[in-house]
Amino acid sequence: MAFTKVLGPGIGDGNQVIVGIITATAFYGDASNLTGIPAGLGTALSQSQNSPLNKVYYTDQVLSIGQTVTVNPPASAVVAYTQYAEILVEENADFIVDDGDDFIADVLGLSTDGVRPIPGAGGRIRVDHITNKAGTGAPSLTFGASIPVGYGLTGSGGINISGVVTATSFSGSGSLLVFSNGLQVSGILTATNKLRVGTGVTIESGGSTFTGVVTATSFSGSLTGNATSATTATSATTATTATTATNAQGLTGTPSITVQNATVQGDLTVNGTTTTLDTVNLVIEDKNIGIGTTTSPSNTTADGAGFTIFGGAGGDKTLTWERGSSSFVYSDPNKFKGVLETVSAATTYNSGNNLVLELDVRNATTYTYTIPTGANIGIVSFKNMPAFTGNANGTTITCIFTQMSTTPAGTGNTTGTTGIGTNCTVIGYENGAAVAGISTRALVGSGTTITLSSTASDRDFVSFFVHYTGGTNTTATSYQVYATKNGGFRQGNVGV
């Protein structure tokens with residue numbers, strides 16, 4: 001190194017050529033011809049003073065900070081800045097902005113949209129306040145904010161979020177939470193104190209109070225308490241108590257509710273002790289109404305089933321089914337405009353030397369029978385006669401006989417010894433089953449027997465009245481059979 005002239009402290013004037021490094025506490029003078037010096041705007045693209053690129057600058061995208069530093073400008077200034085668009089705080093390093101100072105990145109506004117990946121775990125920026133670039137509002141967290149486990153996001157001035165907040169749980173007081181566009185919760189929302197949504201919904205730890213109108217496409221979960229005015233409820237999976245619902249649509253579960261209008265699209269199942277229909281007119285489209293349903297229906301479970309019309313002081317009017325007599329029982333007389341009787345063909349079978357004519361009381365009240373050639377009815381049997389022990393009753397059975405014999409010697413049941421009703425059998429019926437039968441003799445007028453017409457093709461009407469006295473239904477003395485005839489009917493010779 002050579003010096004040509006020294007004037008006082010420092011290096012004098014003249015052209016000095018120095019090879020190496022010059023270290024000084026300060027440099028003064030014109031440095032326009034120096035090269036390789038970073039400018040405030042950045043680094044020149046060319047170090048040649050004669051190149052236009054000497055006046056074109058660039059700055060790297062990222063300023064890397066590898067050790068803990070503190071930004072603390074002198075007292076004459078309160079703002080520090082850099083033209084770097086991004087600040088990279090390396091792992092185990094801190095970037096600290098001193099209290100009362102501001103730091104501005106990308107002061108020239110030269111940043112691009114590209115973001116360079118940061119290797120390692122990253123460092124920390126420690127500041128008391130973060131604002132937007134203009135210093136007038138909040139910064140933009142482009143990719144959101146990640147809060148480590150055990151820490152939280154707090155703010156005495158309130159936290160305003162215009163998008164969606166997602167969290168596994170929320171804790172603390174919710175008295176200041178404001179949901180301007182509604183609240184959507186996919187899981188369970190638990191409020192230890194109170195959660196307010198607008199002015200209509202208040203959810204407290206001891207229950208939920210709805211002072212306005214709640215509208216939703218569906219409700220799920222357990223609804224407890226009192227829903228005093230639910231104008232629309234399209235679906236409530238489990239409603240344990242709903243005292244009044246003005247218009248509850250599709251409300252399911254097991255609530256106790258009162259509705260003004262209800263439409264059930266599917267099946268309606270009511271489980272309880274009493275179902276009351278307080279209506280003027282009951283219209284049922286179904287052609288068949290089933291009552292007394294049970295998992296194992298039988299005559300026993302059906303006993304006493306029927307209808308009751310409340311009559312107050314005048315007594316109720318009932319129609320019920322009685323198992324003992326296997327009959328419907330009316331509490332009051334019946335008034336019919338006309339009655340159609342079932343007419344069936346009587347059947348016969350042989351019992352020893354007797355031909356038995358069997359009339360089933362449960363199947364019909366009128367029978368027909370044609371006397372075959374050379375045959376006599378030996379026994380008339382009344383099968384399944386209602387005989388509910390202790391309940392006296394009686395029934396009338398009519399048989400229309402047609403005489404088909406063509407010879408006097410073979411005419412059936414035309415003599416006193418072979419008269420109809422000479423021998424009768426009665427088989428009682430109680431509690432859905434037949435009891436042991438009895439044999440008796442019919443009571444006829446003047447103590448005679450009933451004989452049929454001896455003219456071929458004549459018809460005779462023979463009516464039997466079987467009286468059960470209410471005694472032991474397997475004893476002959478408990479039955480009396482009365483027989484009468486109106487016969488000799490044949491086609492007249494006058495008219496068509």
# chains A, B, ... in the order shown; residues from 1 in each chain; ligands from 1
call {"tool": "residues_around", "arguments": {"residues": "Pro73 in chain A", "least_positions_apart": "5", "cutoff": "10 Å", "atoms": "only C-alpha atoms", "output": "PyMOL selection string"}}
result
chain A and resi 78-81+97-98+101-103
call {"tool": "closest_atom_pairs", "arguments": {"of": "range 406-452 of chain A", "to": "range 384-393 of chain A", "cutoff": "8 Å", "atoms": "only C-alpha atoms", "output": "Markdown table"}}
result
| residue | atom | partner | partner_atom | distance |
| --- | --- | --- | --- | --- |
| A:Val426 | CA | A:Met385 | CA | 7.0 |
| A:Ile427 | CA | A:Asn384 | CA | 5.6 |
| A:Gly428 | CA | A:Met385 | CA | 4.6 |
| A:Tyr429 | CA | A:Asn384 | CA | 4.8 |
| A:Glu430 | CA | A:Phe388 | CA | 5.3 |
| A:Asn431 | CA | A:Phe388 | CA | 7.5 |
| A:Ala434 | CA | A:Asn384 | CA | 6.1 |
call {"tool": "write_last_selection", "arguments": {"atoms": "N, CA and C atoms", "output": "tab-separated table (two decimals), in the first residue's frame"}}
result
chain	number	residue	atom	x	y	z
A	426	VAL	N	-129.53	-81.11	21.13
A	426	VAL	CA	-129.03	-79.74	21.26
A	426	VAL	C	-127.58	-79.81	21.73
A	427	ILE	N	-126.68	-79.18	20.97
A	427	ILE	CA	-125.25	-79.11	21.32
A	427	ILE	C	-124.92	-77.65	21.64
A	428	GLY	N	-124.67	-77.36	22.90
A	428	GLY	CA	-124.40	-75.98	23.32
A	428	GLY	C	-123.03	-75.48	22.85
A	429	TYR	N	-122.87	-74.15	22.90
A	429	TYR	CA	-121.63	-73.51	22.44
A	429	TYR	C	-121.28	-72.40	23.43
A	430	GLU	N	-120.07	-72.50	24.04
A	430	GLU	CA	-119.66	-71.52	25.03
A	430	GLU	C	-118.15	-71.28	24.93
A	431	ASN	N	-117.75	-70.03	25.06
A	431	ASN	CA	-116.32	-69.65	25.05
A	431	ASN	C	-115.58	-70.18	23.83
A	434	ALA	N	-117.75	-76.04	21.32
A	434	ALA	CA	-118.97	-76.80	21.58
A	434	ALA	C	-118.83	-77.58	22.88
call {"tool": "atom_distance", "arguments": {"atom1": "CA of Lys485 in chain A", "atom2": "CA of Glu358 in chain A"}}
result
18.1 Å
call {"tool": "select_by_dssp", "arguments": {"residues": "range 232-435 of chain A", "states": "alpha helix (DSSP H)", "output": "VMD selection string"}}
result
chain A and resid 299 to 302
call {"tool": "closest_residue", "arguments": {"among": "A:Thr70, A:Ile420, A:Ser298, A:Leu355", "to": "Thr484 in chain A", "atoms": "only C-alpha atoms"}}
result
A:Ile420
call {"tool": "atom_distance", "arguments": {"atom1": "CA of Thr347 in chain A", "atom2": "CA of Gln491 in chain A"}}
result
26.0 Å
call {"tool": "atom_distance", "arguments": {"atom1": "CA of Lys383 in chain A", "atom2": "CA of Asp360 in chain A"}}
result
4.6 Å
call {"tool": "residues_around", "arguments": {"residues": "range 302-318 of chain A", "least_positions_apart": "3", "cutoff": "10 Å", "atoms": "only C-alpha atoms", "output": "mmCIF file with N, CA and C atoms, in the first residue's frame"}}
result
data_model
loop_
_atom_site.group_PDB
_atom_site.id
_atom_site.type_symbol
_atom_site.label_atom_id
_atom_site.label_comp_id
_atom_site.auth_asym_id
_atom_site.auth_seq_id
_atom_site.Cartn_x
_atom_site.Cartn_y
_atom_site.Cartn_z
ATOM 1 N N ILE A 291 -109.735 -52.942 15.744
ATOM 2 C CA ILE A 291 -109.566 -52.559 17.144
ATOM 3 C C ILE A 291 -109.137 -53.788 17.934
ATOM 4 N N GLY A 292 -108.636 -53.552 19.112
ATOM 5 C CA GLY A 292 -108.201 -54.653 19.964
ATOM 6 C C GLY A 292 -106.965 -55.357 19.452
ATOM 7 N N THR A 293 -106.103 -54.616 18.746
ATOM 8 C CA THR A 293 -104.913 -55.245 18.190
ATOM 9 C C THR A 293 -103.937 -55.651 19.287
ATOM 10 N N THR A 294 -103.262 -56.746 19.063
ATOM 11 C CA THR A 294 -102.263 -57.248 20.002
ATOM 12 C C THR A 294 -101.347 -58.196 19.249
ATOM 13 N N PRO A 297 -103.492 -62.128 19.057
ATOM 14 C CA PRO A 297 -104.944 -61.991 19.229
ATOM 15 C C PRO A 297 -105.624 -63.340 19.417
ATOM 16 N N SER A 298 -106.692 -63.346 20.203
ATOM 17 C CA SER A 298 -107.465 -64.559 20.454
ATOM 18 C C SER A 298 -108.857 -64.153 20.904
ATOM 19 N N ASN A 299 -109.748 -65.158 21.103
ATOM 20 C CA ASN A 299 -111.077 -64.865 21.627
ATOM 21 C C ASN A 299 -111.000 -64.237 23.011
ATOM 22 N N TRP A 321 -118.252 -57.396 21.878
ATOM 23 C CA TRP A 321 -118.231 -58.824 21.549
ATOM 24 C C TRP A 321 -118.029 -59.614 22.831
ATOM 25 N N GLU A 322 -118.892 -60.652 23.008
ATOM 26 C CA GLU A 322 -118.868 -61.455 24.223
ATOM 27 C C GLU A 322 -118.299 -62.834 23.913
ATOM 28 N N ARG A 323 -117.208 -63.180 24.583
ATOM 29 C CA ARG A 323 -116.549 -64.455 24.322
ATOM 30 C C ARG A 323 -117.413 -65.638 24.737
ATOM 31 N N GLY A 324 -118.115 -65.545 25.866
ATOM 32 C CA GLY A 324 -118.871 -66.673 26.378
ATOM 33 C C GLY A 324 -119.915 -67.179 25.412
ATOM 34 N N SER A 326 -120.035 -66.078 22.244
ATOM 35 C CA SER A 326 -119.499 -65.866 20.892
ATOM 36 C C SER A 326 -120.456 -65.008 20.073
ATOM 37 N N SER A 327 -120.927 -63.932 20.676
ATOM 38 C CA SER A 327 -121.919 -63.070 20.026
ATOM 39 C C SER A 327 -121.609 -61.609 20.313
ATOM 40 N N PHE A 328 -122.159 -60.747 19.470
ATOM 41 C CA PHE A 328 -122.113 -59.317 19.732
ATOM 42 C C PHE A 328 -123.273 -58.960 20.656
ATOM 43 N N VAL A 329 -122.997 -58.153 21.647
ATOM 44 C CA VAL A 329 -123.985 -57.804 22.656
ATOM 45 C C VAL A 329 -124.294 -56.310 22.549
ATOM 46 N N TYR A 330 -125.601 -56.001 22.466
ATOM 47 C CA TYR A 330 -126.062 -54.614 22.402
ATOM 48 C C TYR A 330 -126.637 -54.230 23.757
ATOM 49 N N SER A 331 -126.316 -53.030 24.191
ATOM 50 C CA SER A 331 -126.873 -52.567 25.461
ATOM 51 C C SER A 331 -128.303 -52.088 25.307
ATOM 52 N N ASP A 332 -128.731 -51.783 24.077
ATOM 53 C CA ASP A 332 -130.064 -51.257 23.825
ATOM 54 C C ASP A 332 -130.678 -51.981 22.619
ATOM 55 N N ASN A 431 -117.746 -70.028 25.057
ATOM 56 C CA ASN A 431 -116.322 -69.650 25.052
ATOM 57 C C ASN A 431 -115.583 -70.181 23.833
#
call {"tool": "residues_around", "arguments": {"residues": "Thr398 in chain A", "least_positions_apart": "6", "cutoff": "9 Å", "atoms": "only C-alpha atoms", "output": "ChimeraX atom specification"}}
result
/A:365-368,461-465
call {"tool": "residues_around", "arguments": {"residues": "range 443-445 of chain A", "least_positions_apart": "4", "cutoff": "8 Å", "atoms": "only C-alpha atoms", "output": "list in words"}}
result
Gly421, Thr449, Ile450, Gln480, Val481, Tyr482, Ala483 and Thr484 of chain A
call {"tool": "select_by_dssp", "arguments": {"residues": "range 357-467 of chain A", "states": "strand (DSSP E or B)", "output": "ChimeraX atom specification"}}
result
/A:357-360,366-371,379-386,393-403,420,424-430,433-434,438-440,443,450,459-467
call {"tool": "write_last_selection", "arguments": {"atoms": "N, CA and C atoms", "output": "compact mmCIF listing (two decimals), in the first residue's frame"}}
result
# COMPACT_ATOMS: atom_id res chain seq x y z
N LEU A 357 -130.91 -84.83 10.81
CA LEU A 357 -130.94 -83.55 10.09
C LEU A 357 -130.23 -82.52 10.98
N GLU A 358 -129.08 -81.97 10.51
CA GLU A 358 -128.26 -81.07 11.35
C GLU A 358 -128.44 -79.63 10.90
N LEU A 359 -128.80 -78.77 11.85
CA LEU A 359 -128.97 -77.34 11.63
C LEU A 359 -127.97 -76.60 12.52
N ASP A 360 -126.99 -75.92 11.89
CA ASP A 360 -125.94 -75.20 12.64
C ASP A 360 -126.45 -73.80 12.96
N THR A 366 -132.19 -69.95 8.73
CA THR A 366 -133.16 -70.58 7.83
C THR A 366 -132.43 -71.65 7.00
N TYR A 367 -133.05 -72.84 6.95
CA TYR A 367 -132.46 -73.95 6.20
C TYR A 367 -133.48 -74.53 5.23
N THR A 368 -132.97 -75.21 4.22
CA THR A 368 -133.83 -75.94 3.27
C THR A 368 -133.40 -77.39 3.24
N TYR A 369 -134.43 -78.28 3.03
CA TYR A 369 -134.10 -79.70 2.93
C TYR A 369 -135.16 -80.40 2.09
N THR A 370 -134.73 -81.27 1.21
CA THR A 370 -135.63 -82.06 0.36
C THR A 370 -135.69 -83.48 0.88
N ILE A 371 -136.94 -83.95 1.22
CA ILE A 371 -137.12 -85.31 1.72
C ILE A 371 -136.91 -86.29 0.57
N ILE A 379 -133.88 -87.67 13.61
CA ILE A 379 -133.46 -86.74 14.67
C ILE A 379 -133.17 -85.38 14.05
N VAL A 380 -133.65 -84.34 14.69
CA VAL A 380 -133.28 -82.97 14.31
C VAL A 380 -132.25 -82.48 15.32
N SER A 381 -131.04 -82.10 14.82
CA SER A 381 -129.94 -81.69 15.70
C SER A 381 -129.68 -80.19 15.54
N PHE A 382 -129.67 -79.50 16.67
CA PHE A 382 -129.35 -78.07 16.69
C PHE A 382 -127.92 -77.93 17.20
N LYS A 383 -127.01 -77.61 16.29
CA LYS A 383 -125.58 -77.57 16.58
C LYS A 383 -125.14 -76.14 16.92
N ASN A 384 -124.24 -76.02 17.88
CA ASN A 384 -123.63 -74.72 18.25
C ASN A 384 -124.69 -73.72 18.73
N MET A 385 -125.58 -74.20 19.60
CA MET A 385 -126.55 -73.30 20.23
C MET A 385 -125.86 -72.46 21.30
N PRO A 386 -125.87 -71.08 21.19
CA PRO A 386 -125.23 -70.26 22.21
C PRO A 386 -125.77 -70.59 23.60
N ASN A 393 -131.06 -67.37 26.94
CA ASN A 393 -131.30 -66.80 25.62
C ASN A 393 -132.12 -67.79 24.80
N GLY A 394 -132.51 -67.37 23.63
CA GLY A 394 -133.27 -68.25 22.74
C GLY A 394 -133.07 -67.84 21.31
N THR A 395 -133.29 -68.76 20.37
CA THR A 395 -133.13 -68.45 18.96
C THR A 395 -134.15 -69.25 18.17
N THR A 396 -134.56 -68.71 17.01
CA THR A 396 -135.53 -69.36 16.13
C THR A 396 -134.82 -69.86 14.87
N ILE A 397 -135.07 -71.13 14.52
CA ILE A 397 -134.52 -71.72 13.31
C ILE A 397 -135.67 -72.28 12.51
N THR A 398 -135.75 -71.94 11.24
CA THR A 398 -136.81 -72.40 10.35
C THR A 398 -136.22 -73.30 9.28
N CYS A 399 -136.92 -74.44 9.02
CA CYS A 399 -136.48 -75.34 7.95
C CYS A 399 -137.63 -75.50 6.95
N ILE A 400 -137.32 -75.28 5.68
CA ILE A 400 -138.30 -75.43 4.60
C ILE A 400 -138.12 -76.83 4.01
N PHE A 401 -139.12 -77.69 4.25
CA PHE A 401 -139.08 -79.06 3.75
C PHE A 401 -139.82 -79.15 2.42
N THR A 402 -139.23 -79.89 1.45
CA THR A 402 -139.89 -80.17 0.18
C THR A 402 -140.09 -81.68 0.08
N GLN A 403 -141.37 -82.12 -0.09
CA GLN A 403 -141.69 -83.55 -0.15
C GLN A 403 -141.51 -84.05 -1.58
N ILE A 420 -141.78 -84.77 12.72
CA ILE A 420 -140.62 -83.92 12.96
C ILE A 420 -140.65 -83.42 14.41
N CYS A 424 -134.94 -84.74 19.34
CA CYS A 424 -134.09 -83.57 19.08
C CYS A 424 -132.79 -83.69 19.87
N THR A 425 -131.72 -83.15 19.28
CA THR A 425 -130.43 -83.06 19.95
C THR A 425 -130.00 -81.60 19.98
N VAL A 426 -129.53 -81.11 21.13
CA VAL A 426 -129.03 -79.74 21.26
C VAL A 426 -127.58 -79.81 21.73
N ILE A 427 -126.68 -79.18 20.97
CA ILE A 427 -125.25 -79.11 21.32
C ILE A 427 -124.92 -77.65 21.64
N GLY A 428 -124.67 -77.36 22.90
CA GLY A 428 -124.40 -75.98 23.32
C GLY A 428 -123.03 -75.48 22.85
N TYR A 429 -122.87 -74.15 22.90
CA TYR A 429 -121.63 -73.51 22.44
C TYR A 429 -121.28 -72.40 23.43
N GLU A 430 -120.07 -72.50 24.04
CA GLU A 430 -119.66 -71.52 25.03
C GLU A 430 -118.15 -71.28 24.93
N ALA A 433 -116.23 -72.81 21.89
CA ALA A 433 -116.14 -74.25 21.65
C ALA A 433 -117.48 -74.90 21.99
N ALA A 434 -117.75 -76.04 21.32
CA ALA A 434 -118.97 -76.80 21.58
C ALA A 434 -118.83 -77.58 22.88
N ILE A 438 -127.10 -82.75 24.38
CA ILE A 438 -128.18 -83.40 25.13
C ILE A 438 -129.27 -83.82 24.14
N SER A 439 -130.10 -84.78 24.55
CA SER A 439 -131.23 -85.23 23.74
C SER A 439 -132.52 -84.85 24.44
N THR A 440 -133.52 -84.42 23.67
CA THR A 440 -134.80 -84.01 24.22
C THR A 440 -135.88 -84.21 23.18
N LEU A 443 -141.51 -79.58 22.04
CA LEU A 443 -142.86 -79.27 22.49
C LEU A 443 -143.65 -78.79 21.29
N ILE A 450 -145.27 -83.16 14.59
CA ILE A 450 -145.43 -82.39 13.35
C ILE A 450 -145.24 -83.33 12.18
N ARG A 459 -144.48 -78.01 0.01
CA ARG A 459 -143.47 -77.44 0.90
C ARG A 459 -144.11 -77.11 2.25
N ASP A 460 -143.37 -77.45 3.31
CA ASP A 460 -143.81 -77.19 4.68
C ASP A 460 -142.77 -76.34 5.41
N PHE A 461 -143.26 -75.30 6.08
CA PHE A 461 -142.39 -74.47 6.91
C PHE A 461 -142.50 -74.97 8.34
N VAL A 462 -141.37 -75.45 8.90
CA VAL A 462 -141.33 -75.90 10.28
C VAL A 462 -140.38 -75.00 11.04
N SER A 463 -140.88 -74.32 12.05
CA SER A 463 -140.06 -73.40 12.85
C SER A 463 -139.81 -73.99 14.22
N PHE A 464 -138.54 -73.86 14.66
CA PHE A 464 -138.13 -74.34 15.97
C PHE A 464 -137.65 -73.14 16.79
N PHE A 465 -138.08 -73.09 18.03
CA PHE A 465 -137.53 -72.10 18.96
C PHE A 465 -136.80 -72.87 20.05
N VAL A 466 -135.46 -72.63 20.13
CA VAL A 466 -134.63 -73.32 21.12
C VAL A 466 -134.38 -72.35 22.26
N HIS A 467 -134.80 -72.73 23.46
CA HIS A 467 -134.67 -71.88 24.62
C HIS A 467 -133.64 -72.47 25.58
